[in-house]
file coords.txt (compact mmCIF, C-alpha atoms)
# COMPACT_ATOMS: atom_id res chain seq x y z
CA MET A 1 1.36 13.98 -25.44
CA SER A 2 -1.85 12.46 -24.10
CA ASN A 3 -2.37 11.57 -20.45
CA LYS A 4 -5.20 9.21 -21.32
CA ALA A 5 -4.48 5.50 -20.89
CA THR A 6 -4.65 3.39 -24.04
CA ILE A 7 -5.94 -0.12 -23.33
CA LEU A 8 -4.64 -3.01 -25.40
CA LYS A 9 -6.42 -6.38 -25.26
CA ASP A 10 -5.17 -9.86 -26.07
CA GLU A 11 -8.12 -11.29 -27.98
CA SER A 12 -6.45 -14.68 -28.52
CA SER A 13 -6.24 -15.49 -24.81
CA SER A 14 -8.87 -17.36 -22.84
CA CYS A 15 -8.85 -14.33 -20.56
CA SER A 16 -9.13 -10.73 -21.73
CA PHE A 17 -5.82 -9.27 -20.55
CA ASN A 18 -5.54 -5.53 -20.35
CA VAL A 19 -2.29 -3.66 -20.78
CA GLN A 20 -2.30 0.10 -20.41
CA CYS A 21 0.15 2.69 -21.68
CA PHE A 22 0.28 5.66 -19.34
CA SER A 23 1.24 9.09 -20.70
CA PRO A 24 3.00 7.58 -23.73
CA PRO A 25 5.08 9.54 -26.22
CA GLN A 26 3.67 9.73 -29.72
CA ASN A 27 3.26 6.29 -31.38
CA LEU A 28 4.33 4.35 -28.27
CA CYS A 29 1.02 2.48 -28.32
CA SER A 30 0.87 1.94 -32.08
CA SER A 31 0.40 -1.68 -33.15
CA THR A 32 3.38 -1.81 -35.50
CA ALA A 33 6.50 -0.58 -33.69
CA THR A 34 8.46 -2.66 -31.18
CA ARG A 35 8.51 -0.87 -27.83
CA ARG A 36 11.03 -1.41 -25.03
CA VAL A 37 9.13 -0.90 -21.78
CA PHE A 38 8.98 -1.70 -18.08
CA LEU A 39 5.91 -3.69 -17.10
CA LEU A 40 4.09 -2.39 -14.02
CA VAL A 41 1.74 -4.72 -12.16
CA CYS A 42 -0.58 -1.89 -11.20
CA GLY A 43 -4.32 -1.34 -11.24
CA TYR A 44 -4.48 2.33 -10.26
CA PRO A 45 -4.15 4.64 -13.31
CA PRO A 46 -2.91 7.75 -11.43
CA LYS A 47 -0.10 5.64 -9.94
CA GLY A 48 0.81 4.30 -13.37
CA SER A 49 0.92 7.83 -14.77
CA ALA A 50 3.18 8.96 -11.91
CA VAL A 51 5.59 6.07 -12.54
CA GLU A 52 5.61 6.81 -16.27
CA ALA A 53 6.53 10.42 -15.55
CA ALA A 54 9.39 9.37 -13.23
CA PHE A 55 10.76 6.84 -15.74
CA ALA A 56 10.29 9.13 -18.76
CA SER A 57 12.67 11.64 -17.21
CA TYR A 58 15.38 9.00 -17.83
CA GLY A 59 14.14 8.15 -21.32
CA HIS A 60 12.27 4.97 -20.35
CA HIS A 61 8.60 4.10 -20.61
CA THR A 62 6.07 1.78 -19.03
CA VAL A 63 2.97 -0.29 -19.62
CA CYS A 64 0.64 -1.52 -16.92
CA LEU A 65 -0.85 -4.96 -16.33
CA TYR A 66 -3.92 -5.20 -14.14
CA PRO A 67 -2.92 -7.12 -10.96
CA HIS A 68 -5.50 -9.89 -11.26
CA PHE A 69 -3.80 -11.15 -14.43
CA ALA A 70 -0.46 -11.70 -12.66
CA ALA A 71 -1.68 -15.14 -11.55
CA GLU A 72 -1.57 -16.30 -15.19
CA GLY A 73 2.20 -16.63 -14.79
CA ALA A 74 5.37 -15.52 -16.53
CA ASP A 75 4.93 -17.60 -19.71
CA VAL A 76 1.46 -16.26 -20.51
CA ILE A 77 2.38 -12.66 -19.69
CA ALA A 78 5.55 -12.88 -21.79
CA GLU A 79 3.52 -14.16 -24.76
CA LEU A 80 0.99 -11.37 -24.28
CA LEU A 81 3.68 -8.70 -24.33
CA ASP A 82 5.32 -10.22 -27.38
CA SER A 83 2.01 -10.38 -29.24
CA ARG A 84 1.53 -6.66 -28.69
CA GLY A 85 5.06 -5.72 -29.75
CA PHE A 86 6.40 -4.97 -26.26
CA VAL A 87 9.94 -5.93 -25.25
CA PRO A 88 10.05 -5.94 -21.43
CA GLN A 89 13.08 -4.39 -19.75
CA GLY A 90 11.87 -5.36 -16.30
CA VAL A 91 8.77 -6.02 -14.21
CA ILE A 92 7.86 -3.95 -11.16
CA PRO A 93 5.10 -4.99 -8.72
CA PHE A 94 2.77 -2.35 -7.32
CA ALA A 95 0.48 -4.99 -5.80
CA ASP A 96 1.48 -7.92 -3.60
CA CYS A 97 0.03 -10.41 -6.09
CA GLY A 98 2.65 -9.26 -8.64
CA ILE A 99 5.68 -10.15 -6.49
CA HIS A 100 6.13 -13.73 -7.77
CA LEU A 101 5.64 -12.61 -11.38
CA ALA A 102 8.20 -9.81 -11.06
CA ASP A 103 10.83 -12.05 -9.46
CA GLU A 104 10.37 -14.78 -12.08
CA MET A 105 10.32 -12.54 -15.16
CA ASN A 106 13.19 -10.32 -13.99
CA SER A 107 15.26 -13.45 -13.35
CA ARG A 108 14.56 -14.69 -16.88
CA LEU A 109 15.36 -11.29 -18.35
CA GLY A 110 18.71 -11.23 -16.57
CA VAL A 111 18.06 -7.84 -15.00
CA ARG A 112 18.31 -6.83 -11.36
CA HIS A 113 15.97 -9.05 -9.38
CA ASN A 114 15.13 -10.72 -6.11
CA SER A 115 15.52 -14.48 -6.18
CA PRO A 116 12.35 -16.37 -7.20
CA LYS A 117 13.44 -19.06 -4.72
CA THR A 118 12.68 -16.68 -1.84
CA SER A 119 9.61 -14.95 -3.31
CA SER A 120 7.32 -16.71 -0.85
CA LEU A 121 9.15 -15.07 2.07
CA ARG A 122 8.15 -11.67 0.72
CA ARG A 123 4.59 -12.73 -0.09
CA ASP A 124 3.45 -15.14 2.63
CA LYS A 125 3.00 -13.22 5.89
CA TYR A 126 3.27 -16.38 8.00
CA LEU A 127 6.59 -17.49 6.47
CA GLN A 128 7.75 -13.90 6.73
CA GLN A 129 7.38 -13.74 10.50
CA ALA A 130 8.96 -17.18 10.91
CA VAL A 131 12.03 -16.03 8.99
CA LEU A 132 12.32 -12.87 11.08
CA GLN A 133 12.15 -14.93 14.27
CA ARG A 134 14.91 -17.26 13.04
CA ALA A 135 17.00 -14.19 12.25
CA GLY A 136 16.65 -13.09 15.87
CA LEU A 137 14.41 -10.12 15.07
CA PRO A 138 11.38 -9.26 17.27
CA ALA A 139 8.19 -10.83 15.91
CA ALA A 140 4.74 -11.72 17.21
CA LEU A 141 3.81 -15.29 18.17
CA GLN A 142 1.54 -16.83 15.56
CA ILE A 143 -0.09 -19.93 14.12
CA VAL A 144 -1.66 -20.66 10.74
CA THR A 145 -4.80 -22.78 10.70
CA ALA A 146 -8.18 -23.46 9.12
CA ASP A 147 -9.57 -24.64 12.48
CA VAL A 148 -11.42 -21.97 14.41
CA ARG A 149 -11.08 -24.00 17.65
CA ALA A 150 -7.28 -24.00 17.31
CA ALA A 151 -7.42 -20.26 16.76
CA GLN A 152 -9.53 -19.74 19.87
CA GLN A 153 -7.18 -21.91 21.94
CA PHE A 154 -4.21 -19.83 20.74
CA ALA A 155 -6.04 -16.65 21.74
CA ARG A 156 -6.79 -17.98 25.22
CA ALA A 157 -3.09 -18.69 25.70
CA ASN A 158 -1.77 -15.45 24.19
CA GLY A 159 -4.36 -12.74 24.79
CA GLN A 160 -5.68 -10.37 22.14
CA VAL A 161 -5.02 -11.56 18.59
CA VAL A 162 -5.35 -10.40 15.00
CA VAL A 163 -6.60 -12.72 12.26
CA LYS A 164 -5.49 -12.16 8.66
CA PRO A 165 -4.88 -14.01 5.38
CA ARG A 166 -1.43 -15.41 4.62
CA ALA A 167 -1.02 -13.39 1.43
CA SER A 168 -3.07 -10.25 1.93
CA SER A 169 -3.17 -6.98 3.82
CA GLY A 170 -5.52 -6.03 6.64
CA GLY A 171 -6.82 -8.03 9.57
CA ASP A 172 -9.61 -8.55 12.07
CA GLY A 173 -9.55 -8.89 15.85
CA ASP A 174 -12.56 -11.19 16.27
CA ILE A 175 -11.77 -14.86 15.63
CA LEU A 176 -15.22 -16.26 14.93
CA THR A 177 -16.21 -13.34 12.69
CA ALA A 178 -12.93 -13.50 10.79
CA PHE A 179 -13.16 -17.23 10.14
CA GLN A 180 -16.79 -16.99 9.06
CA GLN A 181 -16.15 -14.07 6.72
CA GLU A 182 -12.65 -14.77 5.40
CA LEU A 183 -12.08 -18.53 5.18
CA GLY A 184 -12.68 -19.61 1.57
CA LYS A 185 -13.02 -15.99 0.45
CA ARG A 186 -11.08 -14.45 -2.45
CA HIS A 187 -9.26 -11.61 -0.75
CA GLN A 188 -7.97 -8.17 -1.76
CA GLU A 189 -4.79 -9.64 -3.24
CA LEU A 190 -6.74 -12.05 -5.47
CA GLN A 191 -6.11 -15.40 -3.78
CA THR A 192 -8.47 -17.69 -1.89
CA ASN A 193 -8.06 -17.97 1.89
CA THR A 194 -7.66 -21.70 2.62
CA GLU A 195 -6.28 -20.96 6.10
CA LEU A 196 -5.70 -17.89 8.23
CA ILE A 197 -2.92 -16.48 10.37
CA VAL A 198 -3.75 -15.94 14.03
CA ALA A 199 -1.11 -13.76 15.67
CA GLN A 200 -0.58 -11.82 18.86
CA ALA A 201 -2.04 -8.35 18.48
CA LEU A 202 0.74 -5.78 18.78
CA ILE A 203 -0.86 -2.62 20.15
CA GLY A 204 1.51 0.33 20.23
CA GLU A 205 2.79 3.29 18.26
CA GLU A 206 2.39 2.51 14.55
CA TRP A 207 5.21 3.00 12.05
CA VAL A 208 5.34 2.76 8.25
CA VAL A 209 8.66 2.87 6.40
CA ASN A 210 9.04 3.11 2.61
CA THR A 211 12.33 2.02 1.08
CA VAL A 212 14.12 1.33 -2.18
CA SER A 213 16.99 -1.16 -2.47
CA ARG A 214 19.78 -1.72 -4.98
CA ASP A 215 22.43 -4.43 -4.58
CA GLY A 216 21.21 -4.98 -1.01
CA VAL A 217 21.70 -1.33 -0.04
CA HIS A 218 18.46 -0.05 1.47
CA LYS A 219 17.53 3.66 1.29
CA VAL A 220 14.58 5.10 3.23
CA SER A 221 12.49 7.49 1.13
CA ASP A 222 9.97 8.37 3.84
CA ALA A 223 8.76 7.11 7.22
CA TRP A 224 5.53 7.69 9.14
CA TYR A 225 4.39 7.23 12.74
CA GLY A 226 1.09 7.50 14.55
CA PRO A 227 -0.98 6.35 17.52
CA PRO A 228 -2.15 2.74 17.89
CA LYS A 229 -4.89 1.56 15.57
CA LEU A 230 -8.24 2.23 17.15
CA ILE A 231 -10.32 -0.80 18.17
CA ALA A 232 -13.98 -0.45 17.24
CA GLY A 233 -16.92 -1.63 19.24
CA ALA A 234 -17.48 -3.57 22.42
CA GLY A 235 -18.23 -6.78 20.49
CA PRO A 236 -16.21 -7.99 17.50
CA GLN A 237 -12.87 -6.19 17.43
CA HIS A 238 -11.69 -4.39 14.31
CA PHE A 239 -8.48 -2.41 13.95
CA LEU A 240 -9.05 1.03 12.44
CA TYR A 241 -6.40 3.22 10.88
CA ASN A 242 -6.24 6.56 12.65
CA VAL A 243 -3.57 9.10 11.60
CA GLN A 244 0.02 8.96 10.39
CA TYR A 245 2.56 11.78 10.60
CA LEU A 246 5.71 12.17 8.54
CA ALA A 247 8.66 11.25 10.76
CA GLY A 248 12.10 12.83 10.91
CA GLU A 249 15.41 11.71 12.33
CA SER A 250 15.37 10.80 16.04
CA PRO A 251 16.75 7.92 18.14
CA ARG A 252 13.49 5.99 17.76
CA PHE A 253 13.35 6.75 14.02
CA LEU A 254 16.87 5.40 13.54
CA GLU A 255 16.10 2.23 15.51
CA VAL A 256 12.93 1.64 13.50
CA THR A 257 14.60 2.16 10.13
CA GLN A 258 17.53 -0.07 11.09
CA MET A 259 15.06 -2.81 12.03
CA VAL A 260 13.44 -2.44 8.60
CA LYS A 261 16.78 -2.76 6.82
CA SER A 262 17.68 -5.88 8.80
CA SER A 263 14.28 -7.38 7.97
CA LEU A 264 14.62 -6.66 4.24
CA THR A 265 18.00 -8.39 4.21
CA ALA A 266 16.63 -11.40 6.13
CA LEU A 267 13.80 -11.76 3.60
CA GLY A 268 16.14 -11.66 0.61
CA LEU A 269 14.98 -8.31 -0.71
CA GLN A 270 17.99 -6.99 -2.57
CA GLU A 271 16.30 -4.91 -5.28
CA GLY A 272 13.28 -2.65 -5.59
CA ALA A 273 10.75 -0.98 -3.36
CA ALA A 274 9.22 -2.07 -0.06
CA HIS A 275 6.47 -0.83 2.24
CA THR A 276 7.00 -2.04 5.82
CA GLU A 277 4.62 -1.72 8.77
CA LEU A 278 5.88 -1.88 12.35
CA VAL A 279 4.63 -1.44 15.91
CA TRP A 280 6.75 0.10 18.67
CA LEU A 281 6.44 -1.60 22.05
CA ASP A 282 9.66 -1.76 24.08
CA LYS A 283 11.36 -1.92 20.68
CA PRO A 284 10.19 -2.08 17.06
CA TYR A 285 8.32 -5.20 15.94
CA ILE A 286 7.76 -5.90 12.26
CA TYR A 287 4.04 -6.27 11.51
CA GLU A 288 4.51 -7.03 7.79
CA VAL A 289 6.83 -6.34 4.88
CA ASN A 290 5.30 -5.68 1.46
CA ALA A 291 7.82 -5.99 -1.39
CA ARG A 292 6.31 -3.17 -3.43
CA CYS A 293 5.82 0.59 -3.34
CA SER A 294 3.34 2.12 -0.94
CA GLY A 295 -0.23 2.40 -2.19
CA GLY A 296 -1.70 5.55 -3.68
CA LEU A 297 0.31 8.55 -4.81
CA PRO A 298 3.43 9.90 -3.05
CA ARG A 299 2.66 12.18 -0.12
CA VAL A 300 6.07 13.80 0.36
CA PRO A 301 8.14 16.32 -1.61
CA PRO A 302 10.80 14.89 -3.98
CA PRO A 303 12.61 12.64 -3.95
CA THR A 304 9.58 10.42 -3.42
CA GLN A 305 9.71 6.64 -3.31
CA LEU A 306 8.92 6.60 -7.05
CA ASP A 307 11.78 9.02 -7.73
CA VAL A 308 14.20 6.87 -5.73
CA LEU A 309 12.95 3.73 -7.49
CA ALA A 310 13.68 5.28 -10.90
CA MET A 311 17.06 6.43 -9.64
CA SER A 312 17.92 2.91 -8.46
CA LEU A 313 17.30 1.60 -11.97
CA PHE A 314 18.74 4.37 -14.12
CA ASP A 315 21.13 6.48 -12.02
CA GLN A 316 23.41 4.35 -9.83
CA SER A 317 25.59 7.32 -8.89
CA GLY A 318 22.60 9.41 -7.84
CA PHE A 319 21.17 6.56 -5.82
CA SER A 320 24.49 6.00 -4.04
CA LYS A 321 24.66 9.68 -3.06
CA LEU A 322 21.24 9.67 -1.41
CA PRO A 323 21.30 9.71 2.40
CA GLU A 324 20.27 6.43 4.03
CA VAL A 325 17.42 8.22 5.81
CA PRO A 326 15.64 11.51 4.95
CA SER A 327 16.44 14.73 6.80
CA ASN A 328 14.59 15.93 9.90
CA ASP A 329 13.19 19.18 8.49
CA MET A 330 9.84 17.66 7.43
CA THR A 331 8.89 16.16 10.80
CA ASN A 332 5.09 16.40 11.32
CA ARG A 333 4.74 18.61 8.23
CA VAL A 334 2.66 16.02 6.42
CA ALA A 335 -0.14 13.89 7.86
CA VAL A 336 -2.63 11.35 6.56
CA VAL A 337 -5.89 11.19 8.50
CA PHE A 338 -8.10 8.16 7.80
CA LEU A 339 -11.78 8.98 8.13
CA ILE A 340 -13.88 6.74 10.38
CA GLY A 341 -17.54 6.41 9.46
CA ARG A 342 -19.65 5.84 12.58
CA ILE A 343 -22.69 4.67 10.60
CA THR A 344 -23.71 3.33 7.20
CA GLY A 345 -25.19 6.31 5.44
CA TRP A 346 -23.74 9.45 3.88
CA LEU A 347 -20.78 11.79 4.34
CA THR A 348 -22.28 15.23 3.91
CA ALA A 349 -21.24 17.86 1.38
CA ALA A 350 -20.91 20.37 4.22
CA ALA A 351 -18.36 18.15 5.95
CA LEU A 352 -16.34 17.73 2.77
CA GLU A 353 -16.36 21.51 2.35
CA LYS A 354 -15.08 22.00 5.91
CA LEU A 355 -12.33 19.42 5.44
CA SER A 356 -11.16 20.96 2.16
CA SER A 357 -11.08 24.42 3.81
CA LEU A 358 -8.56 23.43 6.48
CA LYS A 359 -5.40 25.54 6.46
CA THR A 360 -3.10 22.59 5.61
CA PHE A 361 -5.50 20.60 3.40
CA TRP A 362 -3.66 19.10 0.41
CA ARG A 363 -5.95 16.47 -1.09
CA PHE A 364 -8.45 13.69 -0.51
CA GLU A 365 -7.34 10.08 -1.01
CA ARG A 366 -8.58 6.49 -1.14
CA GLY A 367 -12.39 6.45 -1.36
CA LEU A 368 -12.47 10.24 -1.74
CA ALA A 369 -9.74 10.48 -4.40
CA GLY A 370 -10.72 13.03 -7.02
CA CYS A 371 -13.42 14.55 -4.82
CA GLY A 372 -13.68 18.31 -5.26
CA PRO A 373 -16.09 21.24 -5.40
CA PRO A 374 -18.94 21.47 -5.91
CA PHE A 375 -19.19 18.77 -3.26
CA LYS A 376 -21.98 16.21 -3.10
CA MET A 377 -22.88 13.72 -0.41
CA VAL A 378 -20.83 10.53 -0.56
CA PRO A 379 -22.24 7.10 0.39
CA VAL A 380 -20.32 5.39 3.20
CA THR A 381 -20.47 2.19 5.20
CA LYS A 382 -19.67 1.90 8.88
CA THR A 383 -15.90 1.69 9.21
CA THR A 384 -14.61 -1.65 10.48
CA GLY A 385 -11.17 -1.60 8.88
CA LEU A 386 -8.96 0.06 6.27
CA PHE A 387 -11.00 -0.98 3.25
CA SER A 388 -14.29 0.32 4.69
CA SER A 389 -12.93 3.75 5.61
CA PRO A 390 -14.72 6.54 3.68
CA GLY A 391 -11.37 7.91 2.58
CA ALA A 392 -8.36 9.85 3.82
CA VAL A 393 -7.33 13.49 4.10
CA VAL A 394 -3.73 14.47 3.40
CA LEU A 395 -2.43 17.56 5.18
CA GLN A 396 0.77 19.47 4.40
CA GLY A 397 2.15 22.61 6.04
CA GLU A 398 3.88 23.82 9.18
CA SER A 399 3.98 21.13 11.84
CA GLU A 400 1.86 23.00 14.40
CA ASP A 401 -0.84 23.70 11.81
CA VAL A 402 -0.83 20.07 10.60
CA LEU A 403 -1.23 18.75 14.15
CA GLN A 404 -4.09 21.18 14.80
CA ASP A 405 -5.91 20.34 11.58
CA ALA A 406 -5.60 16.60 12.27
CA GLN A 407 -7.50 17.16 15.53
CA THR A 408 -10.05 19.35 13.77
CA ILE A 409 -10.87 16.57 11.31
CA ARG A 410 -12.08 14.35 14.15
CA LYS A 411 -14.27 17.19 15.42
CA VAL A 412 -15.77 17.66 11.95
CA GLU A 413 -16.49 13.93 11.82
CA THR A 414 -18.75 14.09 14.89
CA THR A 415 -21.48 15.61 12.67
CA ALA A 416 -20.22 14.53 9.24
CA TYR A 417 -22.28 11.34 8.79
CA VAL A 418 -26.03 11.11 8.35
CA GLU A 419 -28.54 8.45 7.42
CA THR A 420 -30.34 8.49 4.07
CA THR A 421 -31.91 11.84 3.22
CA GLU A 422 -33.92 13.29 0.35
CA GLU A 423 -30.78 15.04 -0.89
CA SER A 424 -28.77 11.81 -0.93
CA ARG A 425 -31.41 10.03 -3.01
CA LYS A 426 -31.33 12.78 -5.62
CA CYS A 427 -27.57 13.22 -6.01
CA PRO A 428 -25.47 10.21 -4.99
CA ALA A 429 -21.78 10.84 -5.58
CA THR A 430 -19.19 8.56 -7.09
CA THR A 431 -15.48 8.79 -6.52
CA GLU A 432 -12.42 6.97 -7.85
CA SER A 433 -10.71 5.06 -5.05
CA SER A 434 -7.01 4.38 -4.70
CA PRO A 435 -5.23 1.42 -3.12
CA GLY A 436 -3.66 1.43 0.34

call {"tool": "encode", "arguments": {"input": "coords.txt", "output": "structure tokens"}}
result
Amino acid sequence: MSNKATILKDESSSCSFNVQCFSPPQNLCSSTATRRVFLLVCGYPPKGSAVEAAFASYGHHTVCLYPHFAAEGADVIAELLDSRGFVPQGVIPFADCGIHLADEMNSRLGVRHNSPKTSSLRRDKYLQQAVLQRAGLPAALQIVTADVRAAQQFARANGQVVVKPRASSGGDGDILTAFQQELGKRHQELQTNTELIVAQALIGEEWVVNTVSRDGVHKVSDAWYGPPKLIAGAGPQHFLYNVQYLAGESPRFLEVTQMVKSSLTALGLQEGAAHTELVWLDKPYIYEVNARCSGGLPRVPPPTQLDVLAMSLFDQSGFSKLPEVPSNDMTNRVAVVFLIGRITGWLTAAALEKLSSLKTFWRFERGLAGCGPPFKMVPVTKTTGLFSSPGAVVLQGESEDVLQDAQTIRKVETTAYVETTEESRKCPATTESSPG
């Protein structure tokens, strides 16, 4: 069995669609046999391989559609699959831009699905917050506008704000910069920003909760907490990811996860995975709900979110027996530390060696995914947000050791970045990045 992805192209289309088979059994990707598969809207091959492995354990297989083709719509994608001999058993989004496609195609297929009539609530971050407010759930004040003056007036009335696209992840804290850089731009989720959300900035303890739902029953696979996002610079404000720790059961944990479940129900998410971001102030506030799995590869021991997703589809009894929230014994035993580049230049090989030598080091992620010895310098840009971070370090071990190593990473970073050197010109490094 090969782990190499086989790419199939639809030559008859005006676009060159790519469908990948990840870790297929023998002959799965042959051009003659009809194959019953689940379609993954996913552009990160390691993720696709991990999903294939989880589904294959139940005797099911997958193919992967690059996310930017999801905008072609259900009819075109259905024709593409048929032309290649694939019979879809369901569509699963691993990128926000695949949510509408998954809802529509799953509805047509007559399989478990979230209603296409409410897809926009799970995709449009402005509508999302409005729905949560109507449901009586805590949410930030916000407006949506293409007028920078209206945005500035809102900020004067409501204090610090965050500016972000309606249908994308990430945000900026400086209004003028955000409007100049983002309005009219094609964003990370492959749509053009015709207007932007301006919302109250919620600055507090950060939470991330990953879930899987079946028949409206929401199970938490893992939850994470961490300090407030750092704000860079004295001028334009950017929110920087810092560190997230695996959370275990506690009164605050239970209140956060209950808020997530109420939000999923309010947004009509009855089936499938979700990745929800919150901020704790006097109580939990939903920052955004993403109706898909978390980005990158799972960071916790089984059952991971991918395992629970497969169980929800193929093992109803097993899914029902899962606890609603994970146990407390992994609290602080896993951490994700997002690196923060202080300059545009290079991350040194010596720094990478130090990071990989930490007692609880597990792996590099995001921009450093696949990075290993012998280490070379890695080009970096000054970090102004999640997508410009050099990468992330995942730690796993005893809680005290994880907490110590997370602090050590910041100390290593004080000398980790340098400007262009003779060494960097001779041996620039390339790495395969993973989504957030």

call {"tool": "residues_around", "arguments": {"input": "coords.txt", "residues": "Leu281 (chain A)", "least_positions_apart": "2", "cutoff": "12 Å", "atoms": "only C-alpha atoms", "output": "ChimeraX atom specification"}}
result
/A:138-140,201-207,227-228,252,256,278-279,283-287

call {"tool": "residues_around", "arguments": {"input": "coords.txt", "residues": "Ser57 (chain A)", "least_positions_apart": "5", "cutoff": "10 Å", "atoms": "all atoms listed in the file", "output": "ChimeraX atom specification"}}
result
/A:52,307,310,314

call {"tool": "write_last_selection", "arguments": {"input": "coords.txt", "atoms": "C-alpha atoms", "output": "PDB file, keeping the file's coordinate frame"}}
result
ATOM      1  CA  GLU A  52       5.610   6.810 -16.270  1.00  0.00           C
ATOM      2  CA  ASP A 307      11.780   9.020  -7.730  1.00  0.00           C
ATOM      3  CA  ALA A 310      13.680   5.280 -10.900  1.00  0.00           C
ATOM      4  CA  PHE A 314      18.740   4.370 -14.120  1.00  0.00           C
TER       5      PHE A 314
END

call {"tool": "atom_distance", "arguments": {"input": "coords.txt", "atom1": "CA of Arg166 (chain A)", "atom2": "CA of Leu127 (chain A)"}}
result
8.5 Å

call {"tool": "axis_aligned_box", "arguments": {"input": "coords.txt", "around": "region 208-212 of chain A", "padding_each_side": "4 Å", "output": "AutoDock Vina command-line options"}}
result
--center_x 9.7 --center_y 2.2 --center_z 3.0 --size_x 16.8 --size_y 9.8 --size_z 18.4

call {"tool": "atom_distance", "arguments": {"input": "coords.txt", "atom1": "CA of Ala78 (chain A)", "atom2": "CA of Leu309 (chain A)"}}
result
23.1 Å

call {"tool": "residues_around", "arguments": {"input": "coords.txt", "residues": "Leu246 (chain A)", "least_positions_apart": "5", "cutoff": "6 Å", "atoms": "all atoms listed in the file", "output": "list in words"}}
result
Trp224, Thr331, Asn332 and Val334 of chain A

call {"tool": "residues_around", "arguments": {"input": "coords.txt", "residues": "His113 (chain A)", "least_positions_apart": "6", "cutoff": "9 Å", "atoms": "all atoms listed in the file", "output": "PDB file with C-alpha atoms, keeping the file's coordinate frame"}}
result
ATOM      1  CA  GLY A  90      11.870  -5.360 -16.300  1.00  0.00           C
ATOM      2  CA  ALA A 102       8.200  -9.810 -11.060  1.00  0.00           C
ATOM      3  CA  ASP A 103      10.830 -12.050  -9.460  1.00  0.00           C
ATOM      4  CA  GLU A 104      10.370 -14.780 -12.080  1.00  0.00           C
ATOM      5  CA  MET A 105      10.320 -12.540 -15.160  1.00  0.00           C
ATOM      6  CA  ASN A 106      13.190 -10.320 -13.990  1.00  0.00           C
ATOM      7  CA  SER A 107      15.260 -13.450 -13.350  1.00  0.00           C
ATOM      8  CA  LEU A 269      14.980  -8.310  -0.710  1.00  0.00           C
ATOM      9  CA  GLN A 270      17.990  -6.990  -2.570  1.00  0.00           C
ATOM     10  CA  GLU A 271      16.300  -4.910  -5.280  1.00  0.00           C
ATOM     11  CA  GLY A 272      13.280  -2.650  -5.590  1.00  0.00           C
TER      12      GLY A 272
END

call {"tool": "closest_residue", "arguments": {"input": "coords.txt", "among": "A:Thr414, A:Ile197, A:Trp280, A:Thr344", "to": "Val163 (chain A)", "atoms": "only C-alpha atoms"}}
result
A:Ile197

call {"tool": "closest_atom_pairs", "arguments": {"input": "coords.txt", "of": "region 106-225 of chain A", "to": "region 292-305 of chain A", "cutoff": "9 Å", "atoms": "all atoms listed in the file", "output": "tab-separated table"}}
result
residue	atom	partner	partner_atom	distance
A:Asn210	CA	A:Ser294	CA	6.8
A:Thr211	CA	A:Gln305	CA	6.9
A:Val212	CA	A:Gln305	CA	7.0
A:Val220	CA	A:Gln305	CA	8.3
A:Ser221	CA	A:Gln305	CA	5.3
A:Asp222	CA	A:Gln305	CA	7.4
